[in-house]
$ cat coords_29.cif   # mmCIF, C-alpha atoms
data_input
loop_
_atom_site.label_atom_id
_atom_site.label_comp_id
_atom_site.auth_asym_id
_atom_site.auth_seq_id
_atom_site.Cartn_x
_atom_site.Cartn_y
_atom_site.Cartn_z
CA MET A 1 35.62 18.27 22.72
CA HIS A 2 33.37 19.55 19.91
CA GLN A 3 29.81 18.35 20.49
CA ARG A 4 27.71 17.44 17.49
CA LYS A 5 24.67 19.61 16.89
CA PRO A 6 21.50 17.55 16.32
CA VAL A 7 19.71 17.89 13.01
CA ASN A 8 17.46 20.93 12.94
CA SER A 9 17.21 21.39 9.17
CA LEU A 10 16.77 18.76 6.47
CA ILE A 11 17.05 19.23 2.70
CA TYR A 12 14.98 16.52 1.04
CA ALA A 13 16.73 16.18 -2.33
CA LYS A 14 14.21 14.49 -4.59
CA LYS A 15 13.39 15.47 -8.15
CA VAL A 16 9.66 15.10 -8.79
CA ILE A 17 7.23 17.12 -10.89
CA PHE A 18 3.64 17.41 -9.65
CA PRO A 19 1.01 16.36 -10.44
CA THR A 20 2.14 12.77 -11.02
CA PRO A 21 0.72 9.25 -10.45
CA MET A 22 4.14 7.82 -9.49
CA ALA A 23 4.36 5.91 -6.20
CA ASN A 24 7.64 7.60 -5.28
CA ALA A 25 5.73 10.89 -5.14
CA LEU A 26 3.48 9.42 -2.44
CA GLN A 27 6.48 8.25 -0.44
CA SER A 28 8.34 11.55 -0.83
CA LEU A 29 5.38 13.72 0.14
CA ASN A 30 4.57 11.64 3.20
CA MET A 31 8.19 11.72 4.31
CA VAL A 32 8.67 15.49 4.02
CA TYR A 33 5.47 16.10 5.98
CA SER A 34 6.54 13.52 8.55
CA PHE A 35 10.06 14.95 8.94
CA ALA A 36 8.49 18.37 9.52
CA ALA A 37 6.15 16.83 12.12
CA GLN A 38 9.27 15.81 14.09
CA GLY A 39 10.16 19.49 14.53
CA VAL A 40 12.80 19.47 11.78
CA GLU A 41 12.78 22.41 9.37
CA THR A 42 12.29 20.52 6.11
CA TYR A 43 12.93 21.91 2.61
CA PHE A 44 11.52 20.38 -0.57
CA SER A 45 11.87 21.66 -4.16
CA PRO A 46 9.48 19.80 -6.49
CA GLY A 47 8.45 20.92 -9.96
CA ASN A 48 5.10 22.53 -10.68
CA ARG A 49 3.85 21.31 -14.06
CA THR A 50 0.66 23.37 -14.12
CA GLY A 51 1.91 26.62 -12.64
CA GLN A 52 -1.07 26.78 -10.26
CA LYS A 53 -0.42 28.87 -7.17
CA ASN A 54 -2.34 26.64 -4.74
CA LEU A 55 -0.61 23.39 -5.74
CA GLN A 56 0.57 22.58 -2.20
CA ALA A 57 -3.00 22.80 -0.90
CA GLU A 58 -4.18 20.59 -3.77
CA LEU A 59 -1.52 18.00 -2.95
CA GLU A 60 -2.53 18.00 0.71
CA LYS A 61 -6.14 17.40 -0.28
CA LYS A 62 -5.26 14.62 -2.72
CA TYR A 63 -2.83 12.78 -0.43
CA GLY A 64 -4.70 13.28 2.85
CA LEU A 65 -2.01 15.49 4.43
CA PHE A 66 -2.23 18.43 6.80
CA PRO A 67 -0.16 21.65 6.78
CA GLU A 68 3.07 21.54 8.80
CA LYS A 69 4.65 24.80 9.96
CA ASN A 70 8.16 23.33 9.66
CA LEU A 71 7.70 22.30 6.01
CA HIS A 72 8.96 24.67 3.31
CA PHE A 73 8.02 24.02 -0.32
CA HIS A 74 10.12 25.79 -2.93
CA PHE A 75 8.29 25.04 -6.17
CA LEU A 76 10.33 25.22 -9.37
CA SER A 77 8.81 25.47 -12.83
CA GLY A 78 8.15 21.96 -14.08
CA ARG A 79 6.74 22.72 -17.52
CA HIS A 80 10.02 21.58 -19.11
CA LYS A 81 11.64 18.53 -17.53
CA GLY A 82 15.19 19.42 -18.54
CA LEU A 83 14.98 23.00 -17.29
CA TYR A 84 13.43 21.79 -14.03
CA GLY A 85 16.35 19.39 -13.58
CA LEU A 86 18.88 22.17 -14.13
CA ARG A 87 17.12 24.52 -11.68
CA PHE A 88 16.88 21.68 -9.17
CA ARG A 89 20.64 21.03 -9.30
CA LEU A 90 21.45 24.74 -8.99
CA ASN A 91 19.08 25.05 -6.03
CA LEU A 92 20.62 21.98 -4.37
CA ALA A 93 24.14 23.36 -4.90
CA TYR A 94 23.14 26.70 -3.38
CA ARG A 95 21.67 24.99 -0.31
CA TRP A 96 24.77 22.81 0.02
CA LEU A 97 27.17 25.76 -0.12
CA SER A 98 25.12 27.92 2.28
CA ALA A 99 24.08 25.21 4.77
CA SER A 100 24.50 25.98 8.45
CA GLU A 101 25.51 23.60 11.24
CA GLY A 102 22.75 21.14 12.02
CA THR A 103 21.64 20.84 8.38
CA VAL A 104 21.49 17.39 6.81
CA PHE A 105 20.91 16.33 3.20
CA PHE A 106 18.64 13.37 2.48
CA ALA A 107 18.36 11.79 -1.00
CA ARG A 108 16.88 8.60 -2.42
CA ASP A 109 17.76 8.48 -6.14
CA ILE A 110 20.92 8.06 -8.23
CA LYS A 111 20.88 11.44 -10.03
CA GLU A 112 20.57 13.34 -6.76
CA TRP A 113 23.26 11.12 -5.20
CA LEU A 114 25.65 11.96 -8.04
CA THR A 115 25.09 15.70 -7.59
CA ILE A 116 25.79 15.34 -3.88
CA LEU A 117 28.85 13.19 -4.60
CA ARG A 118 30.36 16.07 -6.57
CA LEU A 119 29.38 18.65 -3.94
CA LYS A 120 30.72 16.61 -1.04
CA LYS A 121 34.17 16.46 -2.68
CA ARG A 122 34.30 20.26 -2.33
CA ILE A 123 32.66 20.79 1.07
CA ASN A 124 31.78 18.08 3.59
CA ARG A 125 28.13 18.10 4.67
CA PRO A 126 26.09 15.42 6.48
CA PHE A 127 24.45 13.23 3.83
CA PHE A 128 22.13 10.24 4.28
CA MET A 129 21.04 8.07 1.40
CA GLU A 130 17.80 6.13 1.21
CA MET A 131 17.97 2.97 -0.91
CA HIS A 132 14.97 1.26 -2.49
CA GLU A 133 16.97 -1.13 -4.67
CA VAL A 134 20.50 -1.99 -5.73
CA LEU A 135 20.81 -0.47 -9.19
CA ALA A 136 23.73 -2.74 -10.10
CA ASP A 137 21.48 -5.77 -9.55
CA GLU A 138 18.69 -4.17 -11.56
CA HIS A 139 20.99 -3.66 -14.55
CA ALA A 140 22.39 -7.18 -14.19
CA ARG A 141 18.85 -8.61 -14.36
CA GLU A 142 18.00 -6.50 -17.39
CA GLY A 143 21.28 -7.34 -19.15
CA THR A 144 22.10 -3.72 -19.98
CA GLY A 145 25.85 -4.26 -19.71
CA LYS A 146 26.05 -1.43 -17.17
CA ALA A 147 25.93 -3.45 -13.94
CA ASP A 148 29.62 -2.98 -13.14
CA ASP A 149 29.42 0.77 -13.80
CA TYR A 150 26.49 1.14 -11.44
CA ARG A 151 28.15 -1.00 -8.80
CA ARG A 152 31.18 1.32 -8.85
CA LEU A 153 28.97 4.41 -8.72
CA GLU A 154 26.89 3.06 -5.83
CA GLN A 155 30.08 2.11 -3.99
CA GLN A 156 31.43 5.66 -4.36
CA ILE A 157 28.22 7.18 -3.06
CA ILE A 158 28.01 4.77 -0.14
CA ASN A 159 31.62 5.59 0.74
CA ILE A 160 30.86 9.31 1.14
CA SER A 161 27.53 8.90 2.97
CA ASP A 162 27.05 9.23 6.72
CA GLY A 163 24.42 6.53 6.86
CA ILE A 164 22.12 4.37 4.72
CA ILE A 165 18.38 3.86 5.10
CA ALA A 166 17.16 0.65 3.42
CA THR A 167 13.46 0.01 2.91
CA THR A 168 13.58 -3.77 3.47
CA LYS A 169 15.67 -6.32 5.34
CA PRO A 170 16.60 -8.22 2.14
CA LEU A 171 17.83 -4.96 0.62
CA ALA A 172 19.93 -4.13 3.69
CA ARG A 173 21.42 -7.61 3.58
CA ARG A 174 22.30 -7.20 -0.09
CA VAL A 175 23.86 -3.76 0.50
CA ASN A 176 26.08 -5.17 3.24
CA GLU A 177 27.01 -8.17 1.11
CA LEU A 178 27.87 -6.24 -2.05
CA PHE A 179 29.28 -2.95 -0.75
CA ASN A 180 30.53 -3.67 2.79
CA PRO A 181 29.63 -0.11 3.93
CA LYS A 182 31.70 1.52 6.67
CA VAL A 183 28.64 3.42 7.88
CA PRO A 184 25.55 2.06 9.66
CA VAL A 185 22.51 0.77 7.76
CA LEU A 186 19.00 1.37 9.13
CA VAL A 187 16.11 -0.80 7.97
CA ALA A 188 13.09 1.49 7.78
CA PRO A 189 10.14 0.01 5.88
CA ASN A 190 7.75 2.36 4.14
CA GLY A 191 4.83 3.51 6.25
CA TYR A 192 1.17 4.39 5.94
CA ASN A 193 -0.98 7.46 6.47
CA GLU A 194 -3.02 6.81 9.60
CA ASP A 195 -5.61 9.40 8.52
CA ILE A 196 -6.48 7.28 5.46
CA PHE A 197 -5.73 3.68 6.48
CA ARG A 198 -7.75 3.26 9.65
CA PRO A 199 -8.55 -0.08 11.36
CA GLN A 200 -11.70 -1.62 9.86
CA PRO A 201 -14.30 -3.49 11.97
CA ALA A 202 -14.49 -7.29 12.02
CA VAL A 203 -15.48 -8.39 8.53
CA ASP A 204 -18.74 -10.16 7.71
CA LEU A 205 -18.03 -13.12 5.42
CA SER A 206 -21.57 -14.53 5.37
CA GLY A 207 -22.64 -12.84 2.13
CA LYS A 208 -20.87 -11.34 -0.87
CA ILE A 209 -17.12 -10.91 -0.43
CA SER A 210 -15.41 -7.93 -2.02
CA LEU A 211 -11.69 -8.28 -2.71
CA LEU A 212 -9.61 -5.11 -3.04
CA TYR A 213 -6.41 -4.40 -4.94
CA PHE A 214 -4.80 -0.95 -5.02
CA GLY A 215 -1.60 0.02 -6.79
CA SER A 216 -0.05 0.03 -10.23
CA PHE A 217 -0.66 -2.51 -13.00
CA HIS A 218 2.96 -3.14 -13.96
CA PRO A 219 3.60 -6.84 -14.78
CA GLY A 220 5.55 -7.48 -11.57
CA LYS A 221 2.54 -6.47 -9.46
CA GLY A 222 0.70 -9.71 -10.31
CA VAL A 223 -2.64 -8.12 -11.25
CA HIS A 224 -3.02 -10.52 -14.18
CA ALA A 225 -2.81 -13.53 -11.84
CA LEU A 226 -5.34 -11.96 -9.47
CA LEU A 227 -7.78 -11.44 -12.34
CA GLU A 228 -7.28 -15.05 -13.46
CA ALA A 229 -7.91 -16.17 -9.87
CA MET A 230 -11.49 -14.92 -10.16
CA SER A 231 -12.30 -17.91 -12.43
CA PHE A 232 -11.45 -20.23 -9.51
CA LEU A 233 -13.68 -18.36 -7.04
CA PRO A 234 -17.47 -18.68 -6.55
CA GLU A 235 -19.85 -16.00 -7.84
CA LYS A 236 -20.13 -14.38 -4.40
CA PHE A 237 -16.59 -12.98 -4.82
CA THR A 238 -16.10 -9.63 -6.50
CA LEU A 239 -12.90 -7.73 -7.20
CA THR A 240 -12.30 -3.97 -7.11
CA LEU A 241 -9.08 -2.67 -8.66
CA LEU A 242 -7.81 0.83 -7.91
CA GLY A 243 -5.02 2.20 -10.10
CA GLY A 244 -4.50 3.68 -13.51
CA SER A 245 -0.82 3.19 -14.35
CA PRO A 246 0.46 2.31 -16.88
CA ILE A 247 -2.69 3.27 -18.76
CA GLU A 248 -2.03 0.99 -21.75
CA ARG A 249 -1.78 -2.09 -19.51
CA VAL A 250 -4.95 -1.12 -17.61
CA SER A 251 -6.80 -0.81 -20.92
CA ARG A 252 -5.49 -4.16 -22.13
CA LEU A 253 -6.57 -5.97 -18.95
CA LYS A 254 -9.99 -4.29 -19.03
CA ASP A 255 -10.52 -5.52 -22.59
CA GLN A 256 -9.29 -9.00 -21.68
CA TYR A 257 -11.59 -9.36 -18.67
CA GLU A 258 -14.66 -7.46 -19.91
CA HIS A 259 -16.59 -10.76 -19.70
CA GLU A 260 -16.28 -10.49 -15.90
CA GLN A 261 -18.55 -7.43 -15.78
CA GLY A 262 -20.45 -7.43 -12.50
CA ARG A 263 -17.65 -9.31 -10.72
CA VAL A 264 -14.62 -7.15 -11.59
CA GLU A 265 -14.57 -3.36 -11.38
CA PHE A 266 -11.71 -1.29 -12.80
CA VAL A 267 -12.11 1.98 -10.91
CA GLY A 268 -9.02 3.67 -12.37
CA ALA A 269 -6.72 6.14 -10.67
CA VAL A 270 -7.95 7.18 -7.21
CA SER A 271 -6.53 9.90 -4.99
CA PRO A 272 -4.93 8.39 -1.86
CA SER A 273 -7.36 10.42 0.27
CA ASN A 274 -10.30 8.59 -1.38
CA ILE A 275 -9.10 5.02 -0.77
CA GLY A 276 -10.82 4.90 2.62
CA LYS A 277 -14.32 4.57 1.17
CA TYR A 278 -13.25 1.49 -0.80
CA LEU A 279 -11.67 -0.08 2.29
CA GLU A 280 -14.99 0.31 4.11
CA LYS A 281 -16.75 -1.72 1.38
CA SER A 282 -14.16 -4.52 1.24
CA GLN A 283 -13.75 -7.76 3.16
CA MET A 284 -10.23 -8.66 2.03
CA ILE A 285 -7.08 -7.09 0.56
CA VAL A 286 -4.95 -9.05 -1.91
CA ILE A 287 -1.30 -8.27 -2.70
CA PRO A 288 -0.48 -10.61 -5.63
CA GLN A 289 3.09 -9.37 -6.24
CA SER A 290 4.77 -11.68 -8.76
CA SER A 291 8.25 -10.15 -9.11
CA ASP A 292 11.15 -11.50 -7.04
CA GLU A 293 13.11 -8.28 -7.57
CA PHE A 294 13.78 -5.90 -4.66
CA PHE A 295 10.80 -3.67 -4.16
CA SER A 296 9.35 -1.46 -1.43
CA PRO A 297 5.94 -2.88 -0.52
CA ILE A 298 4.06 0.28 0.51
CA LYS A 299 0.80 -1.64 0.00
CA LEU A 300 1.71 -4.00 2.84
CA SER A 301 2.18 -1.11 5.26
CA GLU A 302 -1.13 0.38 4.15
CA ALA A 303 -2.85 -3.00 4.57
CA MET A 304 -1.50 -3.07 8.13
CA GLY A 305 -3.10 0.29 8.79
CA ALA A 306 -6.45 -0.84 7.34
CA GLY A 307 -6.42 -4.04 9.38
CA LEU A 308 -8.43 -6.10 6.87
CA PRO A 309 -7.72 -9.79 6.23
CA THR A 310 -4.89 -9.80 3.72
CA VAL A 311 -3.64 -12.43 1.28
CA VAL A 312 -0.10 -12.06 -0.10
CA THR A 313 2.18 -14.03 -2.38
CA PRO A 314 5.27 -15.80 -0.93
CA LEU A 315 7.90 -13.12 -1.65
CA PHE A 316 10.56 -12.48 0.99
CA PRO A 317 10.20 -8.66 1.07
CA LEU A 318 6.60 -9.35 2.15
CA THR A 319 7.05 -12.37 4.38
CA SER A 320 10.08 -10.85 6.13
CA ARG A 321 7.73 -8.27 7.69
CA VAL A 322 4.67 -10.37 8.47
CA THR A 323 3.97 -13.93 9.57
CA HIS A 324 1.76 -16.44 7.75
CA GLY A 325 -1.37 -17.21 9.76
CA LYS A 326 -0.69 -14.46 12.27
CA GLU A 327 -0.96 -11.20 10.31
CA VAL A 328 -1.48 -12.36 6.72
CA TYR A 329 -2.32 -15.49 4.79
CA VAL A 330 0.50 -16.39 2.41
CA ALA A 331 -0.46 -18.19 -0.79
CA GLU A 332 1.58 -21.28 -1.65
CA GLY A 333 2.70 -19.68 -4.90
CA LYS A 334 2.25 -16.71 -7.22
CA GLY A 335 -0.15 -18.38 -9.68
CA ALA A 336 -3.86 -17.67 -10.08
CA GLU A 337 -5.06 -20.97 -8.62
CA GLU A 338 -2.76 -20.67 -5.60
CA ILE A 339 -3.96 -17.12 -4.93
CA ALA A 340 -7.59 -18.29 -5.22
CA LYS A 341 -7.00 -21.17 -2.76
CA ALA A 342 -5.54 -18.74 -0.20
CA ILE A 343 -8.52 -16.39 -0.60
CA LEU A 344 -10.95 -19.27 -0.11
CA ARG A 345 -9.07 -20.50 2.95
CA VAL A 346 -9.54 -17.13 4.66
CA ALA A 347 -13.10 -16.62 3.44
CA ASP A 348 -14.18 -20.06 4.71
CA ASN A 349 -12.80 -19.52 8.21
CA VAL A 350 -14.22 -16.42 9.91
CA ASP A 351 -12.16 -17.03 13.05
CA LEU A 352 -8.98 -17.03 10.96
CA ALA A 353 -10.08 -13.85 9.15
CA HIS A 354 -10.76 -12.02 12.41
CA SER A 355 -7.50 -13.30 13.90
CA LEU A 356 -5.59 -11.94 10.89
CA GLN A 357 -7.31 -8.60 11.37
CA ALA A 358 -6.25 -8.46 14.99
CA GLY A 359 -2.72 -9.43 14.03
CA MET A 360 -2.46 -6.73 11.37
CA GLN A 361 -3.87 -4.06 13.67
CA LEU A 362 -1.31 -4.99 16.32
CA LYS A 363 1.49 -5.08 13.73
CA SER A 364 0.52 -1.64 12.42
CA GLN A 365 1.53 0.04 15.66
CA GLY A 366 4.66 2.11 15.15
CA GLN A 367 4.51 1.68 11.36
CA THR A 368 3.15 5.06 10.19
CA TRP A 369 5.12 7.51 8.06
CA LYS A 370 5.59 9.68 11.14
CA ASP A 371 7.00 6.71 13.05
CA ARG A 372 9.38 6.07 10.15
CA ALA A 373 10.51 9.69 10.06
CA ALA A 374 11.10 9.64 13.82
CA ALA A 375 13.33 6.54 13.44
CA CYS A 376 15.23 8.23 10.61
CA VAL A 377 15.78 11.42 12.65
CA GLU A 378 17.09 9.38 15.58
CA PHE A 379 19.41 7.49 13.20
CA ILE A 380 20.64 10.74 11.66
CA ASN A 381 21.33 12.30 15.06
CA ASP A 382 23.30 9.25 16.11
CA ASN A 383 25.45 9.25 12.97
CA MET A 384 25.66 12.82 11.69
CA SER A 385 29.23 13.95 11.08
CA SER A 386 30.38 16.96 13.08
#

$ encode --input "coords_29.cif" --output "structure tokens"
Amino acid sequence: MHQRKPVNSLIYAKKVIFPTPMANALQSLNMVYSFAAQGVETYFSPGNRTGQKNLQAELEKKYGLFPEKNLHFHFLSGRHKGLYGLRFRLNLAYRWLSASEGTVFFARDIKEWLTILRLKKRINRPFFMEMHEVLADEHAREGTGKADDYRRLEQQIINISDGIIATTKPLARRVNELFNPKVPVLVAPNGYNEDIFRPQPAVDLSGKISLLYFGSFHPGKGVHALLEAMSFLPEKFTLTLLGGSPIERVSRLKDQYEHEQGRVEFVGAVSPSNIGKYLEKSQMIVIPQSSDEFFSPIKLSEAMGAGLPTVVTPLFPLTSRVTHGKEVYVAEGKGAEEIAKAILRVADNVDLAHSLQAGMQLKSQGQTWKDRAAACVEFINDNMSS
């Protein structure tokens, strides 16, 4: 009987041009470094917008990453997006056609999936798809008229995959319900970088209380409600916001809440490696997510790593991973007043705050990016086609 060869080489098929503020760049970088840390020869072909020769070292500094001998960057010119895309597809096709036994392809976005779909019809190679959302549902919500087209496309891609990695339990449930895949589905939530998000000491709530938000300012993130919540909180509460995307929304919110000077600080975009110093100054993290759409809550994983008292809104992708009163405090709703009441409940009960810290620090075990990559490698080995 032919014995399957375990994965020893992984092609991480993700189009991304650096430098970029996009969250998917953070996830992709952490995953390629983490795959390499598992002893898998990992190949990544991002675009280089600036042409600088030391871009990999700059990325490592910015994202708090360390060199991995098994990681191989193949930078492509990213000065022109269209030309980068063409070179990326040609490079992916070359790697597909020349792949040796034990090589697996890993992709997380529709354009890369479609390229692989065409390649797999010619030569069968092990392919695992990572899903962050159901695109058919996204188009149905937005009323684009393309929901059925995307459902058919996603079904085709799922049918030729060797396995699916879903970032949340609700997403995995929806994939099974809509597509009935014949291959296994692994739930692997996004992780955190343990060199940045380290457990913080027991918080002191006797004086000023600094709330921290980090992430983008897109409407579904709930930043507007968090800013409104400040009007329901006493003067001892301050709010620090890290993030600079999209810039026009950041500017609009800054103008709208300029009267809160002294209580609200818009820091702007911050390198992931610099978040630690803001965690050290904070007593509480708030995740005010307002959108009910499928999303991949990286912030929740990072809050676990930091181990600070954390207030979240009652969205299932959040509450399916953590328990109210044990690891986080869940607000009764997504509105400003409900978020403020949850913050006050934690701030007024130091025993609860410290208990939440202990719960988060316990929950964070086994939740790093490296832990996630290890689970993915085990899943791939168990399901890789011969």

$ resolve_selection --input "coords_29.cif" --expression "the PyMOL selection byres ((chain A and resi 113) around 10)" --output "list of chain:residue names"
A:Ala13, A:Lys14, A:Phe106, A:Ala107, A:Arg108, A:Asp109, A:Ile110, A:Lys111, A:Glu112, A:Leu114, A:Thr115, A:Ile116, A:Leu117, A:Arg118, A:Leu119, A:Phe127, A:Phe128, A:Met129, A:Glu130, A:Leu153, A:Glu154, A:Gln156, A:Ile157, A:Ile158, A:Ser161

$ atom_distance --input "coords_29.cif" --atom1 "atom CA of Thr368 of chain A" --atom2 "atom CA of Asn381 of chain A"
20.2 Å

$ atom_distance --input "coords_29.cif" --atom1 "atom CA of Ala342 of chain A" --atom2 "atom CA of Glu260 of chain A"
20.7 Å

$ closest_residue --input "coords_29.cif" --among "A:Val32, A:His224, A:Leu83, A:Leu315" --to "Phe66 of chain A" --atoms "all atoms listed in the file"
A:Val32

$ resolve_selection --input "coords_29.cif" --expression "the PyMOL selection byres ((chain A and resi 333) around 10)" --output "count of residues only"
16

$ atom_distance --input "coords_29.cif" --atom1 "atom CA of Arg95 of chain A" --atom2 "atom CA of Cys376 of chain A"
21.0 Å

$ residues_around --input "coords_29.cif" --residues "Pro184 of chain A" --least-positions-apart "6" --cutoff "10 Å" --atoms "only C-alpha atoms" --output "list in words"
Ser161, Asp162, Gly163, Ile164, Ile165, Asn176, Phe379, Asp382 and Asn383 of chain A

$ residues_around --input "coords_29.cif" --residues "Leu86 of chain A" --least-positions-apart "3" --cutoff "12 Å" --atoms "all atoms listed in the file" --output "PyMOL selection string"
chain A and resi 15+47+76-78+80-83+89-93+111-112+115

$ write_last_selection --input "coords_29.cif" --atoms "C-alpha atoms" --output "compact mmCIF listing (two decimals), in the frame of the given file"
# COMPACT_ATOMS: atom_id res chain seq x y z
CA LYS A 15 13.39 15.47 -8.15
CA GLY A 47 8.45 20.92 -9.96
CA LEU A 76 10.33 25.22 -9.37
CA SER A 77 8.81 25.47 -12.83
CA GLY A 78 8.15 21.96 -14.08
CA HIS A 80 10.02 21.58 -19.11
CA LYS A 81 11.64 18.53 -17.53
CA GLY A 82 15.19 19.42 -18.54
CA LEU A 83 14.98 23.00 -17.29
CA ARG A 89 20.64 21.03 -9.30
CA LEU A 90 21.45 24.74 -8.99
CA ASN A 91 19.08 25.05 -6.03
CA LEU A 92 20.62 21.98 -4.37
CA ALA A 93 24.14 23.36 -4.90
CA LYS A 111 20.88 11.44 -10.03
CA GLU A 112 20.57 13.34 -6.76
CA THR A 115 25.09 15.70 -7.59

$ axis_aligned_box --input "coords_29.cif" --around "segment 146-149 of chain A" --padding-each-side "6 Å" --output "AutoDock Vina command-line options"
--center_x 27.8 --center_y -1.3 --center_z -15.2 --size_x 15.7 --size_y 16.2 --size_z 16.0

$ decode --input "coords_29.cif" --residues "segment 131-145 of chain A" --atoms "N, CA and C atoms" --output "PDB file, in the first residue's frame"
ATOM      1  N   MET A 131     -11.137  29.616   5.181  1.00  0.00           N
ATOM      2  CA  MET A 131     -12.307  30.457   4.957  1.00  0.00           C
ATOM      3  C   MET A 131     -12.509  31.414   6.127  1.00  0.00           C
ATOM      4  N   HIS A 132     -12.681  32.692   5.784  1.00  0.00           N
ATOM      5  CA  HIS A 132     -12.939  33.732   6.779  1.00  0.00           C
ATOM      6  C   HIS A 132     -14.380  34.224   6.712  1.00  0.00           C
ATOM      7  N   GLU A 133     -15.072  33.872   5.635  1.00  0.00           N
ATOM      8  CA  GLU A 133     -16.470  34.249   5.450  1.00  0.00           C
ATOM      9  C   GLU A 133     -17.037  33.414   4.308  1.00  0.00           C
ATOM     10  N   VAL A 134     -18.357  33.418   4.206  1.00  0.00           N
ATOM     11  CA  VAL A 134     -19.019  32.827   3.045  1.00  0.00           C
ATOM     12  C   VAL A 134     -19.342  33.980   2.100  1.00  0.00           C
ATOM     13  N   LEU A 135     -18.672  34.006   0.965  1.00  0.00           N
ATOM     14  CA  LEU A 135     -18.829  35.128   0.037  1.00  0.00           C
ATOM     15  C   LEU A 135     -20.245  35.218  -0.514  1.00  0.00           C
ATOM     16  N   ALA A 136     -20.901  34.080  -0.695  1.00  0.00           N
ATOM     17  CA  ALA A 136     -22.285  34.090  -1.178  1.00  0.00           C
ATOM     18  C   ALA A 136     -23.182  34.848  -0.205  1.00  0.00           C
ATOM     19  N   ASP A 137     -22.982  34.643   1.089  1.00  0.00           N
ATOM     20  CA  ASP A 137     -23.770  35.351   2.098  1.00  0.00           C
ATOM     21  C   ASP A 137     -23.456  36.842   2.087  1.00  0.00           C
ATOM     22  N   GLU A 138     -22.184  37.165   1.900  1.00  0.00           N
ATOM     23  CA  GLU A 138     -21.773  38.570   1.855  1.00  0.00           C
ATOM     24  C   GLU A 138     -22.480  39.294   0.699  1.00  0.00           C
ATOM     25  N   HIS A 139     -22.514  38.681  -0.453  1.00  0.00           N
ATOM     26  CA  HIS A 139     -23.169  39.300  -1.606  1.00  0.00           C
ATOM     27  C   HIS A 139     -24.686  39.347  -1.436  1.00  0.00           C
ATOM     28  N   ALA A 140     -25.242  38.349  -0.755  1.00  0.00           N
ATOM     29  CA  ALA A 140     -26.684  38.376  -0.483  1.00  0.00           C
ATOM     30  C   ALA A 140     -27.031  39.553   0.428  1.00  0.00           C
ATOM     31  N   ARG A 141     -26.212  39.792   1.442  1.00  0.00           N
ATOM     32  CA  ARG A 141     -26.449  40.904   2.365  1.00  0.00           C
ATOM     33  C   ARG A 141     -26.339  42.247   1.646  1.00  0.00           C
ATOM     34  N   GLU A 142     -25.365  42.334   0.734  1.00  0.00           N
ATOM     35  CA  GLU A 142     -25.137  43.604   0.044  1.00  0.00           C
ATOM     36  C   GLU A 142     -26.052  43.791  -1.159  1.00  0.00           C
ATOM     37  N   GLY A 143     -26.821  42.755  -1.524  1.00  0.00           N
ATOM     38  CA  GLY A 143     -27.758  42.866  -2.626  1.00  0.00           C
ATOM     39  C   GLY A 143     -27.109  43.112  -3.971  1.00  0.00           C
ATOM     40  N   THR A 144     -25.962  42.474  -4.212  1.00  0.00           N
ATOM     41  CA  THR A 144     -25.238  42.691  -5.471  1.00  0.00           C
ATOM     42  C   THR A 144     -25.825  41.910  -6.638  1.00  0.00           C
ATOM     43  N   GLY A 145     -26.691  40.933  -6.346  1.00  0.00           N
ATOM     44  CA  GLY A 145     -27.225  40.092  -7.397  1.00  0.00           C
ATOM     45  C   GLY A 145     -26.284  38.974  -7.813  1.00  0.00           C
TER      46      GLY A 145
END
